[in-house]
Every structure is written in structure tokens, then in C-alpha cells.
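Student: The following file, model04.pdb, comprises PDB, C-alpha atoms:
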```
MODEL        1
ATOM      1  CA  MET A 286       0.000   0.000   0.000
ATOM      2  CA  ASP A 287       1.017   3.607  -0.636
ATOM      3  CA  VAL A 288      -0.471   5.238   2.443
ATOM      4  CA  LEU A 289      -1.215   8.883   3.160
ATOM      5  CA  LEU A 290      -1.251   9.156   6.951
ATOM      6  CA  THR A 291      -2.466  12.407   8.460
ATOM      7  CA  GLY A 292      -1.491  13.171  12.033
ATOM      8  CA  ALA A 293       1.706  11.170  11.554
ATOM      9  CA  ALA A 294       3.481  12.960  14.410
ATOM     10  CA  GLY A 295       0.609  12.249  16.779
ATOM     11  CA  PHE A 296       0.343   9.400  19.243
ATOM     12  CA  ILE A 297      -1.753   6.900  17.280
ATOM     13  CA  GLY A 298      -0.376   8.160  13.969
ATOM     14  CA  PHE A 299       3.200   7.471  15.040
ATOM     15  CA  HIS A 300       2.442   3.899  16.078
ATOM     16  CA  ALA A 301       0.337   3.281  12.966
ATOM     17  CA  ALA A 302       3.160   4.539  10.740
ATOM     18  CA  LYS A 303       5.690   2.293  12.495
ATOM     19  CA  ARG A 304       3.481  -0.747  11.981
ATOM     20  CA  LEU A 305       2.792   0.034   8.314
ATOM     21  CA  LEU A 306       6.490   0.621   7.605
ATOM     22  CA  ALA A 307       7.433  -2.611   9.372
ATOM     23  CA  GLN A 308       5.088  -4.460   7.023
ATOM     24  CA  GLY A 309       6.754  -2.982   3.938
ATOM     25  CA  HIS A 310       4.259  -0.282   3.009
ATOM     26  CA  THR A 311       5.237   3.250   2.002
ATOM     27  CA  VAL A 312       3.941   6.056   4.207
ATOM     28  CA  VAL A 313       3.550   9.747   3.392
ATOM     29  CA  GLY A 314       3.108  11.553   6.698
ATOM     30  CA  ILE A 315       1.208  14.812   7.181
ATOM     31  CA  ASP A 316       1.123  16.913  10.347
ATOM     32  CA  ASN A 317       0.979  20.592  11.320
ATOM     33  CA  LEU A 318       3.103  20.065  14.468
ATOM     34  CA  ASN A 319       0.941  22.478  16.467
ATOM     35  CA  ASP A 320       1.643  23.362  20.089
ATOM     36  CA  TYR A 321      -1.466  21.853  21.700
ATOM     37  CA  TYR A 322       1.173  19.883  23.601
ATOM     38  CA  ASP A 323       4.970  20.050  23.468
ATOM     39  CA  PRO A 324       6.044  19.814  19.789
ATOM     40  CA  ALA A 325       9.338  18.290  20.968
ATOM     41  CA  LEU A 326       7.467  15.041  21.560
ATOM     42  CA  LYS A 327       6.037  15.180  18.048
ATOM     43  CA  ARG A 328       9.452  15.901  16.563
ATOM     44  CA  ALA A 329      10.944  12.970  18.490
ATOM     45  CA  ARG A 330       8.299  10.634  17.068
ATOM     46  CA  LEU A 331       8.975  11.975  13.576
ATOM     47  CA  GLY A 332      12.703  11.491  14.039
ATOM     48  CA  LEU A 333      12.187   7.778  14.534
ATOM     49  CA  LEU A 334       9.865   7.500  11.545
ATOM     50  CA  LYS A 335      12.325   9.319   9.285
ATOM     51  CA  GLU A 336      14.855   6.542   9.866
ATOM     52  CA  SER A 337      12.870   4.520   7.327
ATOM     53  CA  PRO A 338      13.526   5.216   3.611
ATOM     54  CA  ASP A 339       9.860   4.430   2.963
ATOM     55  CA  PHE A 340       8.647   7.365   5.041
ATOM     56  CA  THR A 341       8.332  10.946   3.796
ATOM     57  CA  PHE A 342       6.887  13.904   5.650
ATOM     58  CA  HIS A 343       5.113  17.157   4.800
ATOM     59  CA  LYS A 344       4.353  19.843   7.380
ATOM     60  CA  ILE A 345       1.073  21.402   6.312
ATOM     61  CA  GLU A 346      -2.125  22.805   7.793
ATOM     62  CA  LEU A 347      -4.715  20.265   6.710
ATOM     63  CA  SER A 348      -7.597  22.702   7.115
ATOM     64  CA  ASP A 349      -6.164  24.955   4.372
ATOM     65  CA  LYS A 350      -7.981  24.385   1.100
ATOM     66  CA  GLY A 351      -5.694  22.772  -1.472
ATOM     67  CA  ALA A 352      -2.849  22.152   0.977
ATOM     68  CA  LEU A 353      -2.870  18.393   0.418
ATOM     69  CA  GLU A 354      -2.931  18.691  -3.342
ATOM     70  CA  ASN A 355      -0.084  21.224  -3.343
ATOM     71  CA  ALA A 356       2.070  19.131  -1.016
ATOM     72  CA  LEU A 357       1.537  15.756  -2.671
ATOM     73  CA  GLY A 358       1.375  16.636  -6.349
ATOM     74  CA  THR A 359       1.518  13.361  -8.277
ATOM     75  CA  THR A 360       2.675  11.239  -5.326
ATOM     76  CA  PRO A 361       0.950   7.847  -5.685
ATOM     77  CA  ILE A 362      -1.552   7.235  -2.895
ATOM     78  CA  SER A 363      -3.664   4.085  -2.753
ATOM     79  CA  HIS A 364      -4.912   4.308   0.839
ATOM     80  CA  ILE A 365      -5.554   7.098   3.343
ATOM     81  CA  LEU A 366      -5.416   6.750   7.123
ATOM     82  CA  HIS A 367      -6.789  10.052   8.397
ATOM     83  CA  LEU A 368      -5.889  10.460  12.069
ATOM     84  CA  ALA A 369      -5.180  14.204  12.243
ATOM     85  CA  ALA A 370      -7.524  16.063  14.591
ATOM     86  CA  GLN A 371      -7.687  18.567  17.394
ATOM     87  CA  ALA A 372      -8.018  16.226  20.348
ATOM     88  CA  GLY A 373      -9.289  16.697  23.892
ATOM     89  CA  VAL A 374     -12.794  17.055  25.314
ATOM     90  CA  ARG A 375     -12.120  19.749  27.911
ATOM     91  CA  TYR A 376      -9.986  21.934  25.644
ATOM     92  CA  SER A 377     -12.923  22.141  23.226
ATOM     93  CA  LEU A 378     -14.730  24.242  25.846
ATOM     94  CA  GLU A 379     -11.897  26.779  25.749
ATOM     95  CA  ASN A 380     -11.007  26.881  22.070
ATOM     96  CA  PRO A 381     -14.017  25.760  20.013
ATOM     97  CA  HIS A 382     -12.926  27.338  16.742
ATOM     98  CA  SER A 383      -9.815  25.160  16.498
ATOM     99  CA  TYR A 384     -12.030  22.052  16.609
ATOM    100  CA  ILE A 385     -14.197  23.197  13.723
ATOM    101  CA  GLN A 386     -11.117  24.163  11.747
ATOM    102  CA  SER A 387      -9.181  20.943  12.336
ATOM    103  CA  ASN A 388     -11.875  18.299  12.735
ATOM    104  CA  VAL A 389     -14.493  19.520  10.282
ATOM    105  CA  MET A 390     -12.619  21.544   7.663
ATOM    106  CA  GLY A 391      -9.606  19.232   7.841
ATOM    107  CA  HIS A 392     -11.839  16.189   7.370
ATOM    108  CA  LEU A 393     -13.598  17.834   4.445
ATOM    109  CA  ASN A 394     -10.289  18.600   2.736
ATOM    110  CA  VAL A 395      -9.196  14.968   3.075
ATOM    111  CA  LEU A 396     -12.481  13.898   1.496
ATOM    112  CA  GLU A 397     -11.991  16.361  -1.359
ATOM    113  CA  TYR A 398      -8.496  15.018  -1.971
ATOM    114  CA  ALA A 399      -9.886  11.471  -1.956
ATOM    115  CA  ARG A 400     -12.681  12.462  -4.316
ATOM    116  CA  HIS A 401     -10.210  13.572  -6.980
ATOM    117  CA  ASN A 402      -7.843  10.590  -6.600
ATOM    118  CA  PRO A 403      -9.108   7.881  -8.981
ATOM    119  CA  LYS A 404      -6.481   5.400  -7.736
ATOM    120  CA  LEU A 405      -7.651   5.556  -4.124
ATOM    121  CA  LEU A 406      -8.867   2.208  -2.808
ATOM    122  CA  HIS A 407      -9.843   3.051   0.771
ATOM    123  CA  LEU A 408     -10.070   5.925   3.247
ATOM    124  CA  ALA A 409     -10.060   4.992   6.945
ATOM    125  CA  TYR A 410     -10.442   7.766   9.491
ATOM    126  CA  ALA A 411     -10.444   8.319  13.243
ATOM    127  CA  SER A 412     -13.723   8.899  14.955
ATOM    128  CA  SER A 413     -14.176   8.607  18.716
ATOM    129  CA  SER A 414     -16.082   6.847  21.473
ATOM    130  CA  SER A 415     -17.226  10.332  22.494
ATOM    131  CA  VAL A 416     -19.876  10.279  19.743
ATOM    132  CA  TYR A 417     -21.980   7.986  21.956
ATOM    133  CA  GLY A 418     -22.525  10.759  24.501
ATOM    134  CA  GLU A 419     -23.851  10.182  28.010
ATOM    135  CA  ARG A 420     -25.755   6.962  28.590
ATOM    136  CA  ASP A 421     -26.731   4.755  31.498
ATOM    137  CA  ILE A 422     -26.227   1.217  30.246
ATOM    138  CA  ASP A 423     -24.309  -1.802  31.495
ATOM    139  CA  THR A 424     -23.646  -3.279  28.063
ATOM    140  CA  GLY A 425     -21.189  -2.197  25.407
ATOM    141  CA  PHE A 426     -21.865   0.683  23.046
ATOM    142  CA  LYS A 427     -22.822  -0.681  19.625
ATOM    143  CA  GLU A 428     -22.140   0.937  16.269
ATOM    144  CA  THR A 429     -25.888   0.710  15.602
ATOM    145  CA  ASP A 430     -26.744   2.785  18.699
ATOM    146  CA  ARG A 431     -28.350   6.168  18.160
ATOM    147  CA  VAL A 432     -25.696   8.907  18.294
ATOM    148  CA  ARG A 433     -27.364  12.289  18.203
ATOM    149  CA  GLU A 434     -26.609  13.735  21.652
ATOM    150  CA  PRO A 435     -22.875  14.611  21.857
ATOM    151  CA  ALA A 436     -21.802  15.799  25.306
ATOM    152  CA  SER A 437     -19.005  18.056  24.012
ATOM    153  CA  LEU A 438     -18.043  20.070  20.970
ATOM    154  CA  TYR A 439     -15.208  17.623  20.347
ATOM    155  CA  ALA A 440     -17.755  14.802  20.137
ATOM    156  CA  ALA A 441     -19.928  16.881  17.818
ATOM    157  CA  THR A 442     -17.031  17.458  15.428
ATOM    158  CA  LYS A 443     -16.176  13.754  15.315
ATOM    159  CA  LEU A 444     -19.814  12.942  14.624
ATOM    160  CA  SER A 445     -19.762  15.598  11.899
ATOM    161  CA  GLY A 446     -16.813  13.803  10.326
ATOM    162  CA  GLU A 447     -18.799  10.571  10.215
ATOM    163  CA  MET A 448     -21.691  12.358   8.523
ATOM    164  CA  LEU A 449     -19.415  14.016   5.968
ATOM    165  CA  SER A 450     -17.860  10.647   5.167
ATOM    166  CA  GLU A 451     -21.261   9.052   4.744
ATOM    167  CA  SER A 452     -22.268  11.722   2.242
ATOM    168  CA  TYR A 453     -19.026  11.429   0.240
ATOM    169  CA  ALA A 454     -19.246   7.650   0.215
ATOM    170  CA  ARG A 455     -22.733   7.906  -1.290
ATOM    171  CA  LEU A 456     -22.006  10.761  -3.687
ATOM    172  CA  TYR A 457     -18.610   9.675  -4.996
ATOM    173  CA  ASN A 458     -18.354   5.949  -4.181
ATOM    174  CA  ILE A 459     -15.359   6.397  -1.891
ATOM    175  CA  PRO A 460     -15.004   3.268   0.308
ATOM    176  CA  GLN A 461     -14.573   4.498   3.879
ATOM    177  CA  THR A 462     -14.178   3.108   7.371
ATOM    178  CA  GLY A 463     -14.724   5.131  10.538
ATOM    179  CA  LEU A 464     -12.816   4.001  13.614
ATOM    180  CA  ARG A 465     -14.320   4.843  16.990
ATOM    181  CA  PHE A 466     -11.302   4.701  19.311
ATOM    182  CA  PHE A 467     -11.840   4.160  23.033
ATOM    183  CA  THR A 468      -9.279   5.953  25.287
ATOM    184  CA  VAL A 469      -6.077   4.747  23.663
ATOM    185  CA  TYR A 470      -2.991   4.863  25.928
ATOM    186  CA  GLY A 471       0.605   3.706  26.012
ATOM    187  CA  PRO A 472       4.234   4.734  25.348
ATOM    188  CA  TRP A 473       4.732   7.896  23.291
ATOM    189  CA  GLY A 474       1.270   8.960  24.415
ATOM    190  CA  ARG A 475      -0.314  12.388  24.787
ATOM    191  CA  PRO A 476       0.662  14.642  27.717
ATOM    192  CA  ASP A 477      -2.910  15.955  28.020
ATOM    193  CA  MET A 478      -4.352  12.552  28.881
ATOM    194  CA  ALA A 479      -5.065  11.388  32.414
ATOM    195  CA  TYR A 480      -2.602   8.494  32.548
ATOM    196  CA  TRP A 481       0.294  10.823  31.559
ATOM    197  CA  ILE A 482      -0.759  13.578  33.976
ATOM    198  CA  PHE A 483      -1.232  11.153  36.873
ATOM    199  CA  THR A 484       2.101   9.441  36.230
ATOM    200  CA  GLN A 485       3.918  12.770  35.997
ATOM    201  CA  LYS A 486       2.411  14.073  39.239
ATOM    202  CA  ILE A 487       2.751  10.851  41.229
ATOM    203  CA  LEU A 488       6.433  10.498  40.354
ATOM    204  CA  ALA A 489       7.003  14.175  41.211
ATOM    205  CA  GLY A 490       5.167  13.860  44.533
ATOM    206  CA  ASP A 491       2.451  16.318  43.470
ATOM    207  CA  PRO A 492      -1.260  15.834  44.235
ATOM    208  CA  ILE A 493      -3.583  14.606  41.499
ATOM    209  CA  THR A 494      -7.162  15.763  40.917
ATOM    210  CA  LEU A 495      -9.883  13.217  40.236
ATOM    211  CA  PHE A 496     -13.255  14.308  38.915
ATOM    212  CA  ALA A 497     -16.108  12.149  40.237
ATOM    213  CA  PRO A 498     -13.956   8.992  40.519
ATOM    214  CA  ASP A 499     -16.813   7.012  42.090
ATOM    215  CA  ILE A 500     -18.875   7.169  38.888
ATOM    216  CA  MET A 501     -16.270   7.481  36.128
ATOM    217  CA  LYS A 502     -15.399   4.413  34.022
ATOM    218  CA  ARG A 503     -13.295   4.244  30.871
ATOM    219  CA  ASP A 504     -12.603   1.551  28.304
ATOM    220  CA  PHE A 505      -8.803   1.933  28.225
ATOM    221  CA  THR A 506      -7.226   0.468  25.070
ATOM    222  CA  TYR A 507      -3.492  -0.184  24.741
ATOM    223  CA  ILE A 508      -1.821   1.334  21.698
ATOM    224  CA  ASP A 509      -0.269  -1.899  20.384
ATOM    225  CA  ASP A 510      -3.694  -3.532  20.228
ATOM    226  CA  ILE A 511      -4.842  -0.652  18.036
ATOM    227  CA  ALA A 512      -1.721  -0.358  15.863
ATOM    228  CA  ASN A 513      -1.641  -4.099  15.186
ATOM    229  CA  ILE A 514      -5.090  -4.098  13.565
ATOM    230  CA  LEU A 515      -4.893  -0.867  11.560
ATOM    231  CA  PRO A 516      -3.005  -2.259   8.509
ATOM    232  CA  LYS A 517      -5.547  -5.076   8.196
ATOM    233  CA  ILE A 518      -8.459  -2.642   8.395
ATOM    234  CA  LEU A 519      -6.816  -0.298   5.909
ATOM    235  CA  SER A 520      -6.259  -3.102   3.401
ATOM    236  CA  SER A 521      -9.903  -4.232   3.712
ATOM    237  CA  PRO A 522     -12.130  -1.581   2.125
ATOM    238  CA  PRO A 523     -15.873  -1.927   2.671
ATOM    239  CA  GLU A 524     -18.342  -1.761  -0.180
ATOM    240  CA  HIS A 525     -19.627   1.565   1.060
ATOM    241  CA  HIS A 526     -19.076   3.151   4.492
ATOM    242  CA  ALA A 527     -18.494   1.091   7.634
ATOM    243  CA  ILE A 528     -17.942   2.116  11.252
ATOM    244  CA  TYR A 529     -16.222   0.019  13.924
ATOM    245  CA  ASN A 530     -15.572   0.331  17.637
ATOM    246  CA  LEU A 531     -11.941  -0.241  18.595
ATOM    247  CA  GLY A 532     -11.756  -0.627  22.353
ATOM    248  CA  ASN A 533     -10.712  -3.060  25.047
ATOM    249  CA  SER A 534     -14.313  -3.880  25.970
ATOM    250  CA  LYS A 535     -13.380  -3.951  29.686
ATOM    251  CA  PRO A 536     -14.218  -0.620  31.383
ATOM    252  CA  ASN A 537     -12.205   0.262  34.504
ATOM    253  CA  ASN A 538     -13.326   2.743  37.106
ATOM    254  CA  LEU A 539     -11.127   5.760  37.694
ATOM    255  CA  ALA A 540     -10.169   4.808  41.254
ATOM    256  CA  ASP A 541      -8.822   1.399  40.164
ATOM    257  CA  PHE A 542      -7.065   3.062  37.245
ATOM    258  CA  VAL A 543      -5.169   5.341  39.637
ATOM    259  CA  LYS A 544      -4.261   2.437  41.920
ATOM    260  CA  THR A 545      -2.781   0.615  38.926
ATOM    261  CA  ILE A 546      -0.649   3.660  38.062
ATOM    262  CA  GLU A 547       0.438   3.949  41.702
ATOM    263  CA  ARG A 548       1.657   0.363  41.676
ATOM    264  CA  ALA A 549       3.513   0.911  38.393
ATOM    265  CA  CYS A 550       5.145   4.033  39.842
ATOM    266  CA  GLY A 551       5.861   2.472  43.226
ATOM    267  CA  LYS A 552       4.352   5.514  44.953
ATOM    268  CA  THR A 553       1.016   6.488  46.467
ATOM    269  CA  ALA A 554      -0.839   9.526  45.144
ATOM    270  CA  GLU A 555      -2.190  12.417  47.156
ATOM    271  CA  VAL A 556      -5.706  12.759  45.760
ATOM    272  CA  ILE A 557      -8.019  15.775  45.472
ATOM    273  CA  ILE A 558     -11.653  14.919  44.641
ATOM    274  CA  LYS A 559     -13.818  17.266  42.568
ATOM    275  CA  PRO A 560     -17.225  16.993  40.842
ATOM    276  CA  GLN A 561     -17.733  15.758  37.294
ATOM    277  CA  GLN A 562     -16.574  18.278  34.691
ATOM    278  CA  ALA A 563     -18.659  19.678  31.845
ATOM    279  CA  GLY A 564     -18.231  17.640  28.672
ATOM    280  CA  ASP A 565     -17.079  14.472  30.463
ATOM    281  CA  VAL A 566     -19.244  11.368  30.172
ATOM    282  CA  ARG A 567     -19.474   8.870  33.013
ATOM    283  CA  THR A 568     -18.809   5.673  31.062
ATOM    284  CA  THR A 569     -17.295   4.438  27.818
ATOM    285  CA  PHE A 570     -17.731   0.762  26.974
ATOM    286  CA  ALA A 571     -17.012  -0.703  23.534
ATOM    287  CA  ASP A 572     -18.929  -3.581  22.048
ATOM    288  CA  ILE A 573     -16.245  -4.855  19.654
ATOM    289  CA  SER A 574     -18.136  -7.811  18.184
ATOM    290  CA  ALA A 575     -18.296  -6.176  14.730
ATOM    291  CA  ALA A 576     -14.522  -5.601  14.568
ATOM    292  CA  GLN A 577     -13.900  -9.085  15.948
ATOM    293  CA  SER A 578     -16.033 -10.607  13.214
ATOM    294  CA  ALA A 579     -14.638  -8.483  10.373
ATOM    295  CA  PHE A 580     -10.939  -8.359  11.288
ATOM    296  CA  GLY A 581     -10.328 -10.751  14.174
ATOM    297  CA  PHE A 582      -9.786  -7.758  16.468
ATOM    298  CA  SER A 583      -9.055  -9.075  19.956
ATOM    299  CA  PRO A 584      -7.146  -6.826  22.390
ATOM    300  CA  LYS A 585      -4.607  -8.748  24.464
ATOM    301  CA  THR A 586      -3.102  -6.148  26.798
ATOM    302  CA  GLU A 587      -4.391  -5.908  30.360
ATOM    303  CA  LEU A 588      -4.423  -2.501  32.029
ATOM    304  CA  LYS A 589      -1.721  -3.496  34.538
ATOM    305  CA  GLU A 590       0.656  -4.507  31.759
ATOM    306  CA  GLY A 591      -0.109  -1.514  29.565
ATOM    307  CA  LEU A 592       0.317   1.078  32.294
ATOM    308  CA  SER A 593       3.545  -0.573  33.438
ATOM    309  CA  GLU A 594       4.869  -0.230  29.889
ATOM    310  CA  PHE A 595       3.863   3.419  29.790
ATOM    311  CA  VAL A 596       5.437   4.271  33.158
ATOM    312  CA  SER A 597       8.665   2.540  32.131
ATOM    313  CA  TRP A 598       8.726   4.517  28.867
ATOM    314  CA  TYR A 599       7.875   7.765  30.665
ATOM    315  CA  ARG A 600      10.768   7.385  33.120
ATOM    316  CA  GLY A 601      13.110   7.077  30.159
ATOM    317  CA  TRP A 602      11.514  10.007  28.319
ATOM    318  CA  ILE A 603      11.930  12.491  31.157
ATOM    319  CA  LYS A 604      15.594  11.501  31.509
ATOM    320  CA  ALA A 605      16.286  11.807  27.762
TER     321      ALA A 605
ENDMDL
END
```
Could you write out this structure as C-alpha cells?
Tutor:
Amino acid sequence: MDVLLTGAAGFIGFHAAKRLLAQGHTVVGIDNLNDYYDPALKRARLGLLKESPDFTFHKIELSDKGALENALGTTPISHILHLAAQAGVRYSLENPHSYIQSNVMGHLNVLEYARHNPKLLHLAYASSSSVYGERDIDTGFKETDRVREPASLYAATKLSGEMLSESYARLYNIPQTGLRFFTVYGPWGRPDMAYWIFTQKILAGDPITLFAPDIMKRDFTYIDDIANILPKILSSPPEHHAIYNLGNSKPNNLADFVKTIERACGKTAEVIIKPQQAGDVRTTFADISAAQSAFGFSPKTELKEGLSEFVSWYRGWIKA
């Protein structure tokens, strides 16, 4: 495959690129290297990817009309893995315009590029578990569930991306797959996510803040379990437009999550409890039966193992 991978310097993008390159595919990486979190981490990821002769990189703003076409020219692209996005639920309350620009306009520009590429075989893109919104159920979220009540602007933009893809699949016969990721974590992760923040503070002896830990549950999914399945999904275009949950299917409550990080760090956290924050949902829980059936998706990594791997990586990162 000749893969265009947007968000290549991001967390999931980096791991996806590594896996694709290891399997012998060529990867053209796109990223704007913004400062939502420390660009040094993004540059470090890129540095590792650039060690492969099959990886090339373009720094562009994906939301700029025509930016993809100008950067790529006649570069052969057979598959697109669109992972670039403005991430973060809480930050969307502070900076809503960046989410529309990156997640809606950026998605549209990828679709327009795909529309005018007659050699394109498949476009897979990142959606999010956040599209399910707030719900009180004890069973996994299914792709067939009604998703019309996003709890945050971030969720609304990811749902908008799904709708845009549906329309382009129908109008222009572009095979597409939406991937609803459920709280992906692991080495080379994002500094804005809870597991990074908690690890950083626990190791430094600083207090951590938990928002409604008695009711919060998350379906934490280890990065290797995601990266391992992405090439197979990308090489398996649907007839039209398909959407799959990619999660661990084993929600953990926030209190147990913190205890697992404490054990990995070998230190106990000083905890400050606060109420649930606006935009946060109480539970995420993936029903992954569709992805299991279609691709044999079966996450193997337990939370204890995954967080231990992250803490070990993090200790090395801060000493680098």
C-alpha cells in the first residue's frame, strides 16, 4: 500500500506509521506540528519515523484548502489513514474554533483530496467513542446505537466527520471506514491525557485531581492492540461506508485506574476529589463484536501490563 497518513506525528499516527512501515508499506506523513502539547514530543516521534527510507513527511495545515494537493502533487496514494484532529474534550470548551477548523474543515479537505484521486482504494479515518454521549447502560456501546446527543463540541465534530464521510461515500463511491477509538494509551502517548498527567504528578510527589472517581469508568485500550489491527483494516475496504468500535471492551473505574498507576510508579498519590466536569461522560464501553467478526480484532493487553509499559517509557523520556 502507498499510504497517506495524516497526524503522523501524533500518538496513534506514530504507532500506525511504524506498523505500516514494518510491514513494507510506504507512508507519506502529514502533520501541522501544532503546540497543543509540546512539539518536541512530536518531533521525536517523527525522528524515529524518518529513519525509514519508505517514510516521507510534509508539514502542512490540513484545514487549508488545497494544501494536500499542493504538497503531494503526483505522489501515488492508494490508501488514506486520516488520524489528524484537534483532540481533547475539555480543551474544546476553551477553544471551540480550532475544533471546527481541524476536525471539520480538515476532514472535508481529506475527502476532497480522496474524491479527486481515482487510484484511491480506501479511506479509513479516526472517529471517537465520544460520539456515543452520556448513557446509562451496562452493556457495550454498539455501532448501531443512536448517536445524536454529543456531550461536548469535540464529540460533535467527530460525529460531523462521520456524517461528511457518509455523504461522500454515497455521492462519490469512496469506500470508507470510521474508527471509533476508546481511550487509547501507552508509550509515546499524549501529555494531556489522564494516565500521563497522573504518572507525571505521582512520580514528582504532586497531588492529582480526580473528577467524580466514584462514577467514572473508561474503556482503556493499549496502543499496540490498536496499531496491530490498523493495517488489516486499511487493506480491507468496505463496499460503502463502515464504522467500527476499537476498544478493550473492559471498562475500569477511575479509582482502580489510579491504583494501577500507583503500583507501576511504586508511589502512592495524594488525591483531590472534585465533581464531574462539563463535557465528560461517566462511562465508555465498547462492544467490539463487529470488529472481531470483520478483522479478528481481539485486544490482548491488560491494564496493569499496559500502564507498566507506559510508566517505564515515561521514566526514560523524562531523563532523555
Student: Could you tell me which of A:Ala549, A:Val469, A:Leu438, A:Ile493 comes closest to A:Thr569 if we count all atoms listed in the file?
Tutor: A:Val469
Student: Residues within 12 Å of stretch 585-602 of chain A, please, as an MDAnalysis selection string. Count all atoms listed in the file; anything in the same chain fewer than 6 positions from it doesn't count.
Tutor: chainID A and resid 325:326 329:330 468:476 479:489 503:511 513:514 532:538 541:552
Student: Assuming the chain letters and numbering stay as they are in my file, what does the PyMOL selection byres ((chain A and resi 403) around 12) actually select? List them as a PyMOL selection string.
Tutor: chain A and resi 359+361-364+397-402+404-407+457-460
Student: Which residues, protein or nucleic acid, reach to within 8 Å of (-2.7, 7.2, 3.9) in the file's coordinates when using all atoms listed in the file, and can you give that as JSON, numbers by chain?
Tutor: {"A": [287, 288, 289, 290, 291, 312, 313, 314, 362, 363, 364, 365, 366, 367, 408]}
Student: Taking the file as I've supplied it (selection: the PyMOL selection byres ((chain A and resi 301) around 8)), which residues are included? Please answer as a VMD selection string.
Tutor: chain A and resid 297 to 300 302 to 305 512 to 513 515 to 516
Student: Using only C-alpha atoms, which of A:Ala293, A:Asp491, A:Ser574, A:Ser387 sits nearest A:Gly446?
Tutor: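 Of the candidates, the smallest distance to A:Gly446 is held by A:Ser387.
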